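Below is the file run.csv, which contains CSV, C-alpha atoms.
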chain,number,residue,atom,x,y,z
A,12,MET,CA,15.9,23.8,6.0
A,13,THR,CA,14.8,20.3,5.0
A,14,ALA,CA,12.9,19.5,1.8
A,15,PRO,CA,9.3,18.6,2.2
A,16,ARG,CA,8.7,14.8,2.3
A,17,SER,CA,6.6,14.8,-0.9
A,18,LEU,CA,9.5,16.4,-2.7
A,19,LEU,CA,11.9,13.8,-1.5
A,20,HIS,CA,9.4,11.0,-2.5
A,21,GLY,CA,9.2,12.6,-6.0
A,22,LEU,CA,12.9,12.9,-6.3
A,23,ALA,CA,13.3,9.2,-5.3
A,24,LEU,CA,10.7,8.2,-8.0
A,25,ILE,CA,12.5,10.3,-10.6
A,26,SER,CA,15.8,8.7,-9.7
A,27,ALA,CA,14.3,5.2,-10.0
A,28,VAL,CA,12.8,6.0,-13.4
A,29,THR,CA,16.1,7.5,-14.6
A,30,LEU,CA,18.1,4.4,-13.5
A,31,ALA,CA,15.6,2.2,-15.3
A,32,ALA,CA,15.9,4.2,-18.5
A,33,CYS,CA,19.7,4.1,-18.4
A,34,SER,CA,19.9,0.3,-18.0
A,35,SER,CA,21.7,-1.6,-20.8
A,36,PRO,CA,19.8,-2.4,-24.0
A,37,ASP,CA,20.4,-6.1,-23.4
A,38,SER,CA,18.3,-6.0,-20.3
A,39,SER,CA,15.3,-4.4,-22.0
A,40,PRO,CA,11.9,-6.3,-21.9
A,41,GLU,CA,12.0,-6.4,-25.7
A,42,ALA,CA,15.5,-8.0,-25.8
A,43,ALA,CA,14.3,-10.7,-23.3
A,44,THR,CA,11.4,-11.6,-25.4
A,45,GLY,CA,13.0,-11.4,-28.9
A,46,GLY,CA,11.4,-8.0,-29.7
A,47,GLU,CA,7.9,-8.8,-28.4
A,48,PRO,CA,6.5,-6.4,-25.8
A,49,ALA,CA,6.9,-7.9,-22.3
A,50,GLN,CA,4.2,-8.1,-19.6
A,51,MET,CA,4.4,-5.5,-16.9
A,52,PRO,CA,7.5,-6.3,-14.8
A,53,ALA,CA,6.9,-7.4,-11.2
A,54,ALA,CA,8.8,-4.3,-10.0
A,55,THR,CA,5.9,-2.1,-11.1
A,56,ALA,CA,3.6,-4.0,-8.8
A,57,THR,CA,5.4,-2.3,-6.0
A,58,MET,CA,4.0,1.1,-5.5
A,59,GLU,CA,7.3,3.2,-5.7
A,60,ALA,CA,5.8,6.0,-3.6
A,61,THR,CA,4.9,3.7,-0.8
A,62,GLY,CA,7.1,0.6,-0.9
A,63,LEU,CA,4.0,-1.6,-0.6
A,64,THR,CA,3.2,-4.3,-3.1
A,65,ASP,CA,-0.3,-4.0,-4.6
A,66,PRO,CA,-2.2,-7.3,-4.4
A,67,ASN,CA,-4.0,-6.5,-7.7
A,68,LEU,CA,-0.8,-6.1,-9.7
A,69,ALA,CA,1.9,-8.3,-8.2
A,70,ASP,CA,2.8,-11.6,-10.0
A,71,GLU,CA,2.9,-14.8,-8.0
A,72,ALA,CA,6.6,-14.8,-7.6
A,73,SER,CA,6.5,-11.3,-6.1
A,74,LEU,CA,3.6,-12.2,-3.8
A,75,ALA,CA,5.5,-15.3,-2.6
A,76,GLN,CA,8.3,-13.1,-1.4
A,77,VAL,CA,6.0,-11.4,1.2
A,78,PRO,CA,6.4,-12.9,4.7
A,79,TYR,CA,3.9,-15.8,5.3
A,80,ILE,CA,2.7,-15.9,1.6
A,81,THR,CA,3.4,-19.4,0.3
A,82,THR,CA,3.3,-20.2,-3.4
A,83,GLU,CA,-0.1,-21.7,-2.8
A,84,ILE,CA,-1.4,-18.5,-1.1
A,85,ALA,CA,0.1,-16.4,-3.9
A,86,THR,CA,-1.7,-18.5,-6.5
A,87,GLU,CA,-4.9,-18.2,-4.5
A,88,LEU,CA,-4.5,-14.4,-4.4
A,89,VAL,CA,-3.9,-14.1,-8.2
A,90,GLN,CA,-6.9,-16.3,-8.9
A,91,ALA,CA,-9.2,-14.2,-6.7
A,92,ARG,CA,-8.4,-10.9,-8.5
A,93,PRO,CA,-9.5,-8.3,-9.0
A,94,PHE,CA,-9.9,-7.1,-5.4
A,95,GLY,CA,-12.3,-4.3,-4.9
A,96,ASP,CA,-10.9,-3.5,-1.5
A,97,MET,CA,-8.6,-4.8,1.2
A,98,LEU,CA,-11.5,-6.6,3.0
A,99,GLU,CA,-11.6,-9.0,0.0
A,100,VAL,CA,-7.8,-9.6,0.3
A,101,ASP,CA,-8.3,-10.2,4.0
A,102,MET,CA,-11.0,-12.8,3.3
A,103,VAL,CA,-8.7,-14.7,1.1
A,104,LEU,CA,-5.8,-14.6,3.6
A,105,ALA,CA,-8.0,-15.3,6.6
A,106,GLY,CA,-8.4,-18.9,5.4
A,107,SER,CA,-4.6,-19.5,5.7
A,108,LEU,CA,-3.2,-16.9,8.1
A,109,ASP,CA,-4.0,-15.8,11.6
A,110,ASP,CA,-4.5,-12.1,12.6
A,111,VAL,CA,-0.8,-11.5,13.6
A,112,GLN,CA,0.5,-13.0,10.3
A,113,ARG,CA,-2.0,-11.0,8.3
A,114,GLU,CA,-0.9,-7.8,10.0
A,115,GLU,CA,2.7,-8.6,9.1
A,116,VAL,CA,1.7,-9.3,5.5
A,117,TYR,CA,-0.1,-5.9,5.3
A,118,SER,CA,3.1,-4.1,6.2
A,119,HIS,CA,4.4,-5.4,2.8
A,120,LEU,CA,1.2,-6.0,0.7
A,121,PHE,CA,-1.6,-3.5,0.6
A,122,ALA,CA,-4.0,-1.8,-1.8
A,123,ARG,CA,-4.1,1.8,-0.8
A,124,LEU,CA,-7.4,2.9,0.7
A,125,ASP,CA,-9.5,5.9,-0.4
A,126,LEU,CA,-9.6,8.1,2.8
A,127,ASN,CA,-13.1,9.4,1.8
A,128,SER,CA,-14.8,6.0,1.3
A,129,ALA,CA,-12.9,3.3,3.2
A,130,SER,CA,-14.9,1.6,5.9
A,131,GLU,CA,-13.8,1.4,9.5
A,132,ALA,CA,-13.1,-2.3,9.0
A,133,GLU,CA,-10.9,-1.6,6.1
A,134,ILE,CA,-9.0,1.1,7.9
A,135,LEU,CA,-8.4,-1.3,10.8
A,136,LEU,CA,-6.5,-3.5,8.4
A,137,ILE,CA,-3.7,-0.9,8.3
A,138,PRO,CA,-0.9,-2.3,10.6
A,139,GLY,CA,-0.8,-0.5,13.9
A,140,VAL,CA,-4.2,1.2,13.5
A,141,GLY,CA,-6.7,0.7,16.3
A,142,ASP,CA,-10.2,1.8,17.0
A,143,ARG,CA,-9.2,5.3,18.1
A,144,MET,CA,-7.0,6.0,15.1
A,145,ALA,CA,-9.6,4.6,12.7
A,146,HIS,CA,-12.1,7.0,14.3
A,147,GLU,CA,-9.6,9.9,13.7
A,148,PHE,CA,-9.2,8.9,10.0
A,149,GLU,CA,-13.0,9.0,9.6
A,150,GLU,CA,-13.6,12.2,11.7
A,151,TYR,CA,-11.9,14.5,9.2
A,152,ARG,CA,-13.8,13.4,6.1
A,153,PRO,CA,-14.1,14.6,3.4
A,154,TYR,CA,-10.4,15.0,2.8
A,155,VAL,CA,-9.6,17.4,0.1
A,156,GLY,CA,-5.9,16.6,-0.1
A,157,ILE,CA,-3.1,14.7,1.5
A,158,GLU,CA,-1.9,17.8,3.3
A,159,GLN,CA,-5.2,17.8,5.3
A,160,PHE,CA,-4.5,14.1,6.3
A,161,ARG,CA,-1.0,15.0,7.4
A,162,ARG,CA,-2.2,18.0,9.4
A,163,GLU,CA,-5.1,16.2,11.1
A,164,ILE,CA,-3.5,12.9,11.9
A,165,GLY,CA,-0.3,14.7,12.9
A,166,LYS,CA,-2.2,16.0,15.9
A,167,TYR,CA,-2.1,12.4,17.3
A,168,VAL,CA,1.1,10.9,16.1
A,169,ASP,CA,4.6,12.1,15.1
A,170,GLU,CA,5.8,12.9,11.6
A,171,ASP,CA,7.3,9.5,11.0
A,172,GLU,CA,4.1,7.7,11.9
A,173,VAL,CA,2.1,10.1,9.7
A,174,ALA,CA,4.4,9.2,6.8
A,175,ARG,CA,4.1,5.5,7.5
A,176,LEU,CA,0.3,5.8,7.6
A,177,GLU,CA,0.2,7.9,4.5
A,178,GLN,CA,1.6,5.0,2.4
A,179,TYR,CA,-1.6,3.1,3.0
A,180,VAL,CA,-4.0,5.8,1.8
A,181,ARG,CA,-5.0,7.9,-1.2
A,182,ILE,CA,-7.6,10.5,-1.9
A,183,GLU,CA,-10.0,10.2,-4.8

Turn the structure described in the file into structure tokens.
Amino acid sequence: MTAPRSLLHGLALISAVTLAACSSPDSSPEAATGGEPAQMPAATATMEATGLTDPNLADEASLAQVPYITTEIATELVQARPFGDMLEVDMVLAGSLDDVQREEVYSHLFARLDLNSASEAEILLIPGVGDRMAHEFEEYRPYVGIEQFRREIGKYVDEDEVARLEQYVRIE
């Protein structure tokens, strides 16, 4: 019997937190700043549960590590914050990147969408989601939990694809 995917994600997150807590005292944020509290490390800008970088949280250096994001684009993204939704991020990037490049960016950089309120245009920004799948996302609203999303979208795609899509969404 295999463990449920949510349990595995939870265990991975606990492991990451434990490793961070066990790091040497000399590598603490306070040690690096002479006892002053440090700003949020760039690593926290990556949503551990999803592996995606949040465009509202990542620093310029982290953003510049995303494919096609130059230091100039990273600066532009930081200056345009806060983003209310992914359409606002897309508007910033559309000035510098084409559709194919932006889709690749969104496989690394994405602010999770609320399944119950995201527009079709916003859902279509999820890499690999077309009109039919966007319709399926909307058809089952309101979502009461992520299990409902897994069950309903699982009618159309395999378990791995459901897990991939799940990293782009949340339920509020």

- Query: In Å, with one decimal, what is the gap from atom CA of Ala145 of chain A to atom CA of Asp110 of chain A?
  - Reply: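 That distance, rounded to one decimal, is 17.5 Å.
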
- Message: Counting all atoms listed in the file, which residue out of A:Tyr151, A:Tyr179, A:Phe94, A:Tyr79 sits closest to Ile164 of chain A?
- Response: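 Under the stated criterion, the closest residue is A:Tyr151.
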
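Atom pair atom CA of Glu149 of chain A / atom CA of Pro93 of chain A has a distance of 25.6 Å (rounded to one decimal).
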
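For the pair atom CA of Ile182 of chain A and atom CA of Asp125 of chain A, the interatomic distance is 5.2 Å.
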
- Of the listed residues A:Asp96, A:Glu83, A:Glu71, A:Glu172, that which approaches Leu124 of chain A most closely, counting only C-alpha atoms: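 Between A:Asp96, A:Glu83, A:Glu71, A:Glu172, the residue approaching Leu124 of chain A most closely is A:Asp96.
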